[in-house]
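Report on the structure given below.
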Amino acid sequence: MINLTVNNVPVSVEEGTTVLDAAAKAGIKIPTLCHLDGVSSPGSCRVCLVEIKGARTLQPSCVTKVAEGMAVSTNTKLARDARKLSVELMLANHPWDCNACTRNNDCELQSLAKSMGISEVRFPYEREELPIDKSTPALVRDMNKCVLCRRCIGVCQDTQGVGSLAPRLRGFDTIVGAGSGDNLCDAICVQCGQCSAVCPVGAIYEKDSIQDVWKELDNPDKYVVVQTAPAIRAALGECFGLKPGTLVTGKMVTALRRLGFKKVFDTNFTADLTIIEEGTELLTRLKKALVEKAEVALPMFTSCSPGWINYIEYFHPNLLPNLSSCKSPQQMFGALAKTYFAQKEGIDPSKIVVVSIMPCTAKKFECERPEMNSSGFKDVDYVLTTRELGHMITGAGIDFVNLEDGEQDAPMGLSTGAADIFANTGGVMEAALRTVYEIVTGRPLPMEKLHIKPVHGLKGLKETSVTLTDCKPDWKFLEGVTAKVAVAHGLSNAKDACDLVAAGNKHGWHFIEVMCCPGGCIGGGGQPRLTTDEVRKARIKAIYKEDEGRPMRKSHDNPAITAIYKEFLHEPLGHKSHELLHTHYHSKAK
Amino acid sequence: MSKPRTYVLVPIDTNTVTAGAREVKNAISAEIGKRGLSEEISVVETAAFGPTNAGVLVAVQPDNVVYANITVANVAEIVEEHFVKGRQCKKFLLAGEKPAIPKASETDARHLQGLGRIVLDNCGVIDPENIKEYIARDGYFALGKAVTEMQPEDVIKLVKDSGLRGRGGAGFNTGLKWSFCAPVKSKEKYVICNADEGEPGTFKDRLIMEGDPHKVIEGMAICAYAIGGTMGFIYIRGEYKLSIQRLQKAISDAREYGFLGRKIFGSKFSFDIEIKIGAGAYVCGEETALIESMEGKRGLPRLKPPFPAVCGFRGKPTNVNNVETLANVAPILRNGAEWFKKFGTAGTPGTKVYTVLGHINRPGLIEVPTGVTLREIIYSYGGGMKSGKFHFAQLGGTAGDIIGEEMLDVPLDYDSMQKVGHVLGSGAILVVNDSIGINDFLDSCMKFFVHESCGNCNPCRNGLKIMKDISARLKEKKAYADDIDGMEEISMILKSAAFCPLGQSPASPIMSSLRYFKDEIKKGLDPKDSKPKTRHTQRELITLTPV
Amino acid sequence: MTVSEIVESRGNCRENLLQILHDIQDSSGDNSIHTEAIDELSRIMGITVADITGTLSFYTMFSMKPRGRHIIRLCDSPPCYIMGSENILDALQKKLGIKIDGTTPDKAFTLETSSCLGTCGVAPAMMIGDEVYGNLTADKVSKIIDSIRKSEGR
Ligand SMILES: Cc1cc2nc3c(=O)[nH]c(=O)nc-3n(C[C@H](O)[C@H](O)[C@H](O)COP(=O)(O)O)c2cc1C
Ligand code: SF4
Ligand code: SF4
Ligand code: SF4
Ligand code: SF4
Ligand code: SF4
Ligand code: SF4
Ligand code: SF4
Ligand code: SF4
Ligand code: FES
Ligand code: FES
Ligand code: FES
């Protein structure tokens with residue numbers, strides 16, 4: 001342990017702790033801006049400066065490590081003045097238009113200015129206004145508001161391993177550049193929106209679809225239905241000041257009804273369906289490999305994350321055959337809403353508008369893909385992020401926190417606990433194994449509360465195995481087979497998994513779950529800010545709680561799923577399924 | 001062949017080449033040949049030895065005569081007069097007096113050194129492209145002595161004892177710096193010669209490299225031996241083509257002679273040097289930014305700690321020294337610490353190479369013992385003011401202090417300067433007359449900083465821009481009433497808040513000029529103070545809105 | 001030389017990136033680094049396009065905009081400024097009919113200002129390509145431009 005004092009308060013902390021964390025332990029909060037744990041810590045905003053006895057200059061507390069006997073002061077005049085001036089200088093070079101900014105009241109720079117009592121910026125500053133980049137379906141970049149904290153660069157380069165963004169030029173001309181051009185569309189970008197999730201200000205944000213959705217809701221000719229992704233219910237409450245990890249499923253349903261959606265459905269329904277389709281696809285591939293000894297691409301990768309789809313298309317096109325042919329649950333939903341649901345209710349599908357509430361910006365991109373029109377229409381019309389839904393609810397004057405609980409509509413709103421856990425890393429795998437194990441052996445997964453613990457948690461690349469014994473007659477070929485599975489989240493971990501598979505799959509994996517965002521969809525690019533690991537854990541905990549509280553926790557138990565096969569799809573991987581629920585992707589390698 | 005009785009030295013350097021030095025040299029050789037004097041008179045290519053804006057120079061030794069502004073058309077006349085008739089050709093003599101021999105602390109050692117030079121003793125005397133001439137003047141003797149007779153610790157101790165301080169600007173004790181890197185265990189360890197030289201007004205390193213490249217190489221090899229270095233790099237700015245060319249030749253010659261490469265002087269010590277070329281960024285002179293740039297990245301200064309001595313280039317222990325620092329090393333090893341300490345002041349032993357320029361009669365390069373005063377430099381070495389009245393001088397480049405007349409008699413060494421609240425810096429001395437207003441000058445300084453800030457940290461990136469806007473207003477006499485306070489406040493806070501010394505240093509010119517010239521600076525205020533109460537952006541006029 | 005030949009000759013390693021960029025620019029024909037070259041370099045070296053672009057744009061000697069055959073870099077740092085570099089800039093702009101960062105229509109010259117070139121001994125100074133020109137006057141500048149034009153046979 002290292003002993004030091006912060007403002008004369010003695011503290012002991014472990015070696016390697018930053019002064020920032022040591023001060024927090026002493027009950028002293030030092031403001032920060034550029035520093036974001038695990039993402040980037042360039043020590044460059046200088047908002048966290050403190051005085052350290054003996055040092056020639058002020059030191060950034062976020063990156064300065066403690067030392068024995070260190071005497072830190074956060075409250076000297078010099079340190080206070082320097083921190084305040086740092087913020088003031090940043091504000092001088094900033095469009096001062098909070099009123100018309102997407103981050104108003106949710107902005108780290110704004111709160112910093114407020115907490116420091118800055119009510120005037122004394123220094124005029126002239127610079128040319130940069131055009132706003134609206135070149136991609138999902139994201140908007142307004143570099144006029146950028147404070148160059150470099151969080152977006154860190155998350156894109158290191159966490160996601162994509163590297164679309166990098167600092168460009170130098171001095172006061174410095175901007176965050178995308179690829180070699182002016183716009184994000186010039187770069188290889190998977191549209192995951194992680195950059196927008198970490199940005200402290202209104203410099204990167206999702207493309208707004210709120211006005212479009214209002215227009216549809218206001219149109220009496222349209223029949224507007226909504227689906228909510230599993231990850232929304234554990235995060236939406238944060239938009240209204242609730243603690244991370246507060247489940248708001250029922251309030252969310254009520255709010256959506258009040259906004260005017262005709263049907264409040266659930267992406268969970270198609271998540272359950274995905275398990276049936278994808279599980280069957282896996283078993284078919286295994287059978288081909290083990291019984292027919294045919295050439296078949298194994299391991300199989302999950303395909304429900306559009307950010308991940310973009311990634312594999314750009315960076316590992318050779319592994320595309322390994323990708324499950326299932327569409328994502330959101331797109332399965334859209335396709336079925338405009339066919340199955342339309343037929344069942346006798347509604348003209350051209351009048352149906354499908355709105356998705358997603359934790360994700362990549363889904364805005366996904367719904368525009370040419371592959372996603374199998375209903376004969378654009379399967380999903382609009383995607384709103386969790387944050388956008390929050391804005392819409394607030395804008396409609398709905399007192400969210402005090403809403404009564406509502407329930408989703410049948411049939412496409414019915415789901416099981418297996419669908420809930422799609423929201424987080426390891427969840428799709430667990431849900432799939434709950435079903436696959438039972439199909440093959442006729443017995444439920446022999447684990448406590450049906451949880452596969454080794455794939456829980458925030459480790460980047462996780463693996464486990466399940467041995468299949470006493471198989472049912474149809475599946476005798478799997479007798480004694482140990483199914484090896486892996487789970488990756490965050491694209492840099494996905495890259496590791498891809499590299500291992502491309503190099504010969506030495507771990508002998510059969511099935512790999514990949515989610516683009518760190519933590520899975522609960523940490524998606526469209527979720528309320530800021531998603532730290534603490535927040536991820538809280539949301540994941542809430543999701544497992546939701547799962548455990550359900551009467552049905554296995555996808556194949558969902559009666560609405562049984563019904564849709566009986567009435568419409570007939571069989572997994574059947575003709576209708578292929579037409580509506582499956583697709584193939586193509587290389588985008590440059 | 002008999003030994004020639006007279007040498008004609010023609011400096012071929014970046015400045016003289018454009019004035020036609022090569023052609024002049026060829027013409028002299030031809031003329032001397034024509035008159036059958038080739039046996040007695042040897043024409044030698046050398047490098048700059050002092051004055052820089054006197055066109056093509058021709059020096060005759062041992063006669064100690066320097067002709068200036070020579071063109072091919074003058075050659076016949078000079079050869080006729082000087083070599084045939086044996087009298088000096090008055091009309092071509094270098095204007096003013098010859099660079100005087102330093103008179104401060106006349107010691108025996110001074111006389112041993114001829115012109116009193118340690119670093120530049122060969123510059124303008126030998127052919128820098130001929131390793132034999134360097135060897136003939138005891139070159140590589142010090143390296144041989146070090147690797148065959150001395151332990152690395154002894155080398156470090158000797159350099160430490162000599163009191164040599166880094167000549168790159170910060171003035172840190174060189175031996176001490178080496179002693180940080182030496183004990184760090186690592187298979188690879190690097191010695192980097194910092195030849196980025198971007199500080200405006202500083203070009204001493206270029207002239208050292210052009211005039212005596214082997215001295216730098218020898219210094220690097222000795223440093224490597226002392227700290228356990230396995231490989232050396234010279235990071236040099238891309239503009240220095242002639243330096244690059246001469247260093248390249250010197251390195252390959254040194255390799256050929258076994259002064260670089262495997263098992264130097266038959267010892268166990270192996271070392272080689274590679275040249276790395278920059279691409280235009282002043283901040284890359286800062287040692288950690290330099291390392292980033294050498295790794296092929298944007299030249300952003302790194303967070304310290306870890307210091308380069310522990311984790312530098314390629315993450316390995318690395319020692320970075322300035323060109324001039326390294327050029328002092330071989331002479332110290334050859335002559336000992338006591339010898340070195342006889343030069344200059346107690347706190348800053350040795351000599352200092354200055355580039356003196358501006359509105360003076362003889363701009364150029366001088367090497368003088370530390371402790372010489374600015375007045376001596378301007379009026380004796382620099383030949384006095386060329387025009388106008390002395391207004392101010394800036395020491396150590398654009399990042400240095402601006403001083404007024406009252407400081408002319410302070411001895412120039414790190415400690416004396418510190419006592420009066422100034423820093424010595426890199427060795428540039430810019431002398432400015434009263435034709436240039438202080439606000440015009442400050443604006444030019446701020447323009448430089450804004451252009452060269454790396455933009456990594458917020459206070460420097462945004463603060464410098466604001467200060468630049470203020471200096472532009474002062475220059476135009478349109479500054480707002482609170483502008484001077486604003487500039488002072490920002491520069492003072494930057495001094496402790498900026499990430500690296502680049503952002504910390506604008507405080508030097510700003511605060512020092514406020515110290516001497518506040519009244520003149522105030523003349524830049526607009527009497528009407530038309531400061532806008534609203535903040536103008538191109539989007540619209542937005543009233544300041546409290547959040 | 002093609003991009004891959006340049007990388008081959010310098011060594012495919014990040015450390016050599018600046019030198020590789022110098023070479024690419026020198027062999028570009030218009031003193032600039034083209035986006036196609038960056039794409040190819042990214043593929044060959046495994047460095048992202050954004051990273052390469054960010055790196056080259058940091059250094060003033062590189063440009064992504066096509067430039068003239070001769071790049072004039074006029075020093076505007078304080079030592080040259082006090083010796084009258086502003087007048088030289090005016091003279092150059094007038095002589096060439098272009099502004100800072102402009103290129104003459106015949107693609108012969110691009111005019112840039114630069115920080116100290118390390119030739120302040122002959123301030124005011126400029127470089128054209130690798131050549132240094134010092135002690136400049138408006139008259140001298142005009143002659144220098146003419147002589148370069150003449151040596152190009154125009
Ligand atoms: C912005 C900046 C520019 C610098 N430029 C140079 C330079 O061009 N040459 C140099 O030797 N040192 C330069 N330095 C100083 C170096 O960081 C470093 O202190 C020096 O190379 C150490 O060598 P020395 O101990 O031999 O002086 C610069 C420092 C800063 C902050
Ligand atoms: S600028 Fe970065 S290092 Fe400084 S306080 Fe803010 S987050 Fe911490
Ligand atoms: S980014 Fe923040 S500070 Fe800037 S305009 Fe938007 S809300 Fe205001
Ligand atoms: S959306 Fe994702 S891939 Fe694209 S720039 Fe942002 S972080 Fe990078
Ligand atoms: S865009 Fe946002 S996250 Fe990226 S550097 Fe700018 S302020 Fe930071
Ligand atoms: S995993 Fe993500 S994309 Fe898939 S259904 Fe869940 S929330 Fe939607
Ligand atoms: S992990 Fe979820 S939020 Fe992230 S890109 Fe995939 S589907 Fe979208
Ligand atoms: S002080 Fe200036 S030059 Fe130094 S790191 Fe900060 S921005 Fe870059
Ligand atoms: S806080 Fe309200 S009154 Fe004040 S400026 Fe903003 S909108 Fe206007
Ligand atoms: S938070 Fe520490 S420097 Fe930005
Ligand atoms: S080989 Fe050295 S950095 Fe690439
Ligand atoms: S200041 Fe112009 S060349 Fe140095």
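By order in the structure tokens, chains are A, B, ...; within a chain, residues start at 1; ligands start at 1, following the order shown.
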List every residue of chain A that has an atom at most 8 Å from any atom of ligand 3, giving for each one its closest atom pair and the distance in Å to one decimal, counting only C-alpha atoms and all ligand atoms, sorted by chain and then by ascending residue number, as CSV.
residue,atom,partner,partner_atom_place_in_ligand_line,distance
A:Leu91,CA,ligand 3,3 (S),7.6
A:His94,CA,ligand 3,4 (Fe),6.5
A:Pro95,CA,ligand 3,5 (S),5.9
A:Trp96,CA,ligand 3,5 (S),5.1
A:Asp97,CA,ligand 3,5 (S),4.4
A:Cys98,CA,ligand 3,8 (Fe),3.4
A:Asn99,CA,ligand 3,8 (Fe),7.1
A:Ala100,CA,ligand 3,5 (S),7.3
A:Cys101,CA,ligand 3,6 (Fe),4.5
A:Thr102,CA,ligand 3,6 (Fe),6.4
A:Arg103,CA,ligand 3,7 (S),4.4
A:Asn104,CA,ligand 3,7 (S),3.9
A:Asn105,CA,ligand 3,7 (S),6.5
A:Asp106,CA,ligand 3,7 (S),6.9
A:Cys107,CA,ligand 3,2 (Fe),4.6
A:Glu108,CA,ligand 3,2 (Fe),6.7
A:Leu109,CA,ligand 3,3 (S),5.1
A:Gln110,CA,ligand 3,3 (S),4.4
A:Lys145,CA,ligand 3,1 (S),5.7
A:Cys146,CA,ligand 3,1 (S),7.8
A:Pro200,CA,ligand 3,1 (S),7.6
A:Val201,CA,ligand 3,1 (S),4.0
A:Gly202,CA,ligand 3,1 (S),4.0
A:Ala203,CA,ligand 3,1 (S),6.6
Chain A contacts to chain B at 6 Å (only C-alpha atoms) as an NGL selection string:
:A and (44-45 or 57-58 or 82 or 86 or 89 or 119 or 170-172)
Go ahead and save the residues from that selection, with C-alpha atoms, as a PDB file, in the first residue's frame.
ATOM      1  CA  SER A  44      -4.837  16.218 -22.277  1.00  0.00           C
ATOM      2  CA  CYS A  45      -7.917  18.199 -21.201  1.00  0.00           C
ATOM      3  CA  THR A  57       4.081  22.104 -12.901  1.00  0.00           C
ATOM      4  CA  LEU A  58       0.529  21.047 -12.107  1.00  0.00           C
ATOM      5  CA  ALA A  82      -5.962  26.294 -13.926  1.00  0.00           C
ATOM      6  CA  SER A  86      -8.995  24.909 -18.931  1.00  0.00           C
ATOM      7  CA  LEU A  89     -10.604  27.912 -22.933  1.00  0.00           C
ATOM      8  CA  SER A 119     -21.191  32.055 -16.608  1.00  0.00           C
ATOM      9  CA  ARG A 170      -2.315  19.659 -35.569  1.00  0.00           C
ATOM     10  CA  GLY A 171      -2.504  22.604 -33.231  1.00  0.00           C
ATOM     11  CA  PHE A 172      -5.828  24.401 -33.132  1.00  0.00           C
TER      12      PHE A 172
END
Could you give me, as a short mmCIF file (atom, residue, chain, number, x, y, z; two decimals) with N, CA, C and O atoms, in the first residue's frame, the residues within 8 Å of Thr288 of chain B, counting only C-alpha atoms and dropping anything in the same chain fewer than 2 positions from it?
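Below is the file part-v1.cif, written as the result:
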data_model
loop_
_atom_site.label_atom_id
_atom_site.label_comp_id
_atom_site.auth_asym_id
_atom_site.auth_seq_id
_atom_site.Cartn_x
_atom_site.Cartn_y
_atom_site.Cartn_z
N CYS B 284 8.64 18.15 -32.50
CA CYS B 284 9.41 16.91 -32.55
C CYS B 284 10.83 17.09 -32.01
O CYS B 284 11.57 16.11 -31.89
N GLU B 286 11.18 18.13 -29.00
CA GLU B 286 10.97 17.69 -27.62
C GLU B 286 11.24 16.19 -27.60
O GLU B 286 10.72 15.46 -28.44
N LEU B 290 9.90 13.48 -30.24
CA LEU B 290 10.89 12.99 -31.20
C LEU B 290 10.85 11.46 -31.28
O LEU B 290 10.88 10.88 -32.37
N ILE B 291 10.74 10.84 -30.13
CA ILE B 291 10.70 9.37 -30.11
C ILE B 291 9.43 8.87 -30.81
O ILE B 291 9.47 7.94 -31.63
N GLU B 292 8.30 9.52 -30.52
CA GLU B 292 7.05 9.14 -31.20
C GLU B 292 7.23 9.26 -32.72
O GLU B 292 6.81 8.39 -33.48
N LEU B 300 3.53 13.63 -30.95
CA LEU B 300 2.95 14.16 -29.71
C LEU B 300 3.87 13.84 -28.55
O LEU B 300 4.34 12.72 -28.43
N PRO B 301 4.10 14.81 -27.67
CA PRO B 301 4.89 14.51 -26.48
C PRO B 301 4.21 13.40 -25.67
O PRO B 301 2.98 13.28 -25.67
N ARG B 302 5.03 12.59 -25.04
CA ARG B 302 4.47 11.51 -24.21
C ARG B 302 4.31 11.98 -22.78
O ARG B 302 4.97 12.92 -22.35
N PRO B 308 12.32 8.64 -20.88
CA PRO B 308 12.98 7.87 -21.94
C PRO B 308 14.15 7.02 -21.42
O PRO B 308 14.41 5.95 -21.96
N GLY B 312 11.90 4.39 -23.66
CA GLY B 312 11.97 5.40 -24.71
C GLY B 312 11.61 4.83 -26.06
O GLY B 312 10.54 4.26 -26.25
#
Could you pull out the residues sitting within 10 Å of ligand 10, using only C-alpha atoms and all ligand atoms, and write them as a PyMOL selection string?
(chain A and resi 20+30-36+40-50+59-64+83+86+148-150) or (chain B and resi 457-458+497-499)
Using only C-alpha atoms and a cut-off of 8 Å, which residues of chain C sit close to chain A? Please list them as a list in words.
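Contact residues on the first chain: Thr35, Ile38, Thr48, Val49, Ala50, Asp51, Thr53, Gly54, Thr55, Ser57, Phe58 and Tyr59 of chain C.
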Here is a test: counting only C-alpha atoms, which residue of B:Val17, B:Val65, B:Val372, B:Val320 is nearest to chain C?
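Between B:Val17, B:Val65, B:Val372, B:Val320, the residue approaching chain C most closely is B:Val17.
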Selected residue of minimal separation from ligand 2 among A:Val226, A:Val11, A:Val19, A:Ile393, counting only C-alpha atoms and all ligand atoms
A:Val19
Could you pull the residues within 7 Å of Lys475 of chain B, counting only C-alpha atoms, minus those fewer than 5 positions along the same chain, as an mmCIF file with N, CA and C atoms, in the first residue's frame?
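See around23.cif below for the written result:
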data_model
loop_
_atom_site.group_PDB
_atom_site.id
_atom_site.type_symbol
_atom_site.label_atom_id
_atom_site.label_comp_id
_atom_site.auth_asym_id
_atom_site.auth_seq_id
_atom_site.Cartn_x
_atom_site.Cartn_y
_atom_site.Cartn_z
ATOM 1 N N ASN B 439 4.924 44.883 -30.191
ATOM 2 C CA ASN B 439 3.687 44.158 -30.494
ATOM 3 C C ASN B 439 3.774 43.416 -31.827
ATOM 4 N N ASP B 440 4.460 44.025 -32.795
ATOM 5 C CA ASP B 440 4.664 43.319 -34.066
ATOM 6 C C ASP B 440 5.452 42.046 -33.819
ATOM 7 N N ASP B 443 3.523 39.308 -31.975
ATOM 8 C CA ASP B 443 2.565 38.670 -32.864
ATOM 9 C C ASP B 443 3.257 37.624 -33.732
ATOM 10 N N GLY B 524 -1.062 49.226 -27.964
ATOM 11 C CA GLY B 524 -1.865 48.432 -28.892
ATOM 12 C C GLY B 524 -3.334 48.378 -28.518
#
From B:Leu365, B:Ala309, B:Ala472, B:Leu164, residue lying nearest Phe49 of chain B [only C-alpha atoms]:
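Closest candidate: B:Leu365.
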